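Okay, so here's the structure we're looking at.
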Protein chains: 2
Amino acid sequence: MSDPIRLLLADDHPVVRAGLRAVLATEPDLEVVAEAATAEQAVALAERDRVDVVLMDLQFGAGMHGAEATAAITGRAGSPVVLVLTTYDTDADILAAVEAGASGYLLKDAPPEELAAAVRAAAAGRSALAPAVAHRLIDRMRAPGTALSRRETEVLQLVADGLSNQQISSRLHVSQATVKTHLVHVYGKLGVDSRTAAVAAARARGLIRR
Amino acid sequence: MSDPIRLLLADDHPVVRAGLRAVLATEPDLEVVAEAATAEQAVALAERDRVDVVLMDLQFGAGMHGAEATAAITGRAGSPVVLVLTTYDTDADILAAVEAGASGYLLKDAPPEELAAAVRAAAAGRSALAPAVAHRLIDRMRAPGTALSRRETEVLQLVADGLSNQQISSRLHVSQATVKTHLVHVYGKLGVDSRTAAVAAARARGLIRR
DNA sequence: GTCAGGATCAACCCTTTGGTTGATGGCGGC
DNA sequence: GCCGCCATCAACCAAAGGGTTGATCCTGAC
């Protein structure tokens, strides 16, 4: 029999780490060799401890974001694969994680068997997506006309942060006319007719950060 | 030595339940006697299984909300005490839980010792608040002038849901002038000058539902 | 009984936002 | 090379939202 898969758990909640450890302990071919309570720690330990797979949360209380840590880890040669394990399935989070080099995206409400299966898939070089996440990606592919462009999402996120068109235009170094054009397109795609309604709709569909 | 404290875990995440079970298993005077994956289940099991303390999440994937379940459990005679254990420390959530009869409010990032201490406090009839939560409640007491009134919060929540002043006025059966007045007061209290900025600020401070 | 604060409404004015039309340049796919 | 999509900008008009003043009524606190 081959060596067990070496895991690093990165989550800021002690209870979640204990839960993952307990759940994965029942799998003889998986071994948790390290835990990190911050994203910075995760980057350091992933390099030091000869880890095969990192289970990475996205939201940490403070400091580096999980997606940044994922990019830092996967950017190195001979690096472990990163499985993102988070509570939310927003488009923005999923795309950020995939772009950062994550091999999979799991939701925390996943049953234990699914978790173990995803870890083995990732270790074997395959990718692992939770059904809900896969569904969202497929929707995005199938209806490209209604998907927001990168720039549109960026503008909408700033609207959600409470900025006026004026403030957005200077933040992005474009004219107010451009901001308005982007927003009109966003309204059309989301089927709304005001900035607040657009933010509400985008939140409901998981298009922007919460 | 007296009988152990009998616990019910109510959380829709299997991993979190496993984590709580693992963390609490190290405490000899605490015993987990039941688990619920939905709020409805929690209400049923709390009645059936002679439970002393319920550890209750607020957000369940679907169905009843944790606050409703808390009210249903604490409303009965001889009922167990409910300790709310959640990820978010928003004013709205905290107040709803306290009004529903919760004996304490803990955050999921709490260290294990704090968790056990809070369970013992609740079982002994004392209340248990996470430091961050206590801080928020004290702030609220100390600065009543800046706290939003019930009606103002209601209007602001509808704004966050994407409604126009027009729609809000007919939803609440008041004039648009009234809605505008409430919003102007909200802007003053939050230190902002637009509806989107008010929503962003209120979200950041946990004044409205997420 | 008074007083503060909340909830309600009106009238006014000004700024911001929304909606439209039209135009330019870049980039990737067929 | 052309077409479609994206990003950029301008000018214009109509509508919604924001800011102010001032007023009434009610309720709870002192």
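Residues in the structure tokens are numbered from 1 in each chain, the chains being A, B, ... in the order shown, and ligands are numbered from 1 in the order shown.
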Up to 8 Å from chain D, what residues of chain B turn up? Count only C-alpha atoms (C1' of nucleotides) and give them as a list in words.
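Close enough to count are Val184, Asp193 and Ser194 of chain B.
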Taking only C-alpha atoms (C1' of nucleotides) into account, find every residue of chain C that has an atom no more than 10 Å from chain A, and write it out as a list of chain:residue names.
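The complete set of qualifying residues is C:DT16, C:DT17, C:DG18, C:DG19.
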Include N, CA and C atoms (P, O5', C5', C4', C3', O3' and C1' of nucleotides) and write out the residues we just selected as a compact mmCIF listing (two decimals), in the first residue's frame.
# COMPACT_ATOMS: atom_id res chain seq x y z
P DT C 16 -23.91 65.94 -6.92
O5' DT C 16 -24.60 64.52 -7.20
C5' DT C 16 -25.30 63.89 -6.14
C4' DT C 16 -26.14 62.76 -6.69
C3' DT C 16 -25.40 61.83 -7.66
O3' DT C 16 -25.39 60.53 -7.07
C1' DT C 16 -27.56 62.44 -8.50
P DT C 17 -24.73 59.30 -7.84
O5' DT C 17 -25.98 58.71 -8.63
C5' DT C 17 -27.19 58.47 -7.91
C4' DT C 17 -28.31 58.10 -8.88
C3' DT C 17 -27.94 56.99 -9.88
O3' DT C 17 -28.95 56.01 -9.80
C1' DT C 17 -28.96 58.82 -10.98
P DG C 18 -28.81 54.64 -10.63
O5' DG C 18 -29.78 54.90 -11.87
C5' DG C 18 -31.16 55.06 -11.63
C4' DG C 18 -31.92 55.29 -12.92
C3' DG C 18 -31.65 54.25 -14.02
O3' DG C 18 -32.91 53.90 -14.58
C1' DG C 18 -31.22 56.42 -14.85
P DG C 19 -33.01 53.00 -15.90
O5' DG C 19 -32.93 54.08 -17.06
C5' DG C 19 -34.11 54.83 -17.40
C4' DG C 19 -34.06 55.21 -18.86
C3' DG C 19 -33.58 54.09 -19.79
O3' DG C 19 -34.41 54.09 -20.95
C1' DG C 19 -32.16 55.97 -20.02
Grab the Cα RMSD for chain B fitted onto chain A, all atoms paired in sequence order, one decimal please.
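For chain A versus chain B, the C-alpha RMSD is 0.5 Å.
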May I have a table of the residues of chain B lying at most 6 Å from chain A, giving each one's closest pair of atoms and their distance in Å to one decimal, counting only C-alpha atoms, ordered by chain and ascending residue number, as a tab-separated table?
residue	atom	partner	partner_atom	distance
B:His13	CA	A:Asp109	CA	4.6
B:Val15	CA	A:Gly19	CA	4.8
B:Val16	CA	A:Val16	CA	5.4
B:Ala18	CA	A:Gly19	CA	4.5
B:Gly19	CA	A:Gly19	CA	3.2
B:Leu20	CA	A:Val15	CA	5.9
B:Asp109	CA	A:His13	CA	4.5
B:Asp161	CA	A:Ala200	CA	5.4
B:Gly162	CA	A:Ala197	CA	3.6
B:Thr196	CA	A:Gly162	CA	4.6
B:Ala197	CA	A:Gly162	CA	3.5
B:Ala200	CA	A:Asp161	CA	5.4
Apply DSSP to the backbone of this structure and, from range 26-150 of chain A, keep only the residues in strand (DSSP E or B); write these as an MDAnalysis selection string.
chainID A and resid 30:36 53:56 81:86 104:107 128:129
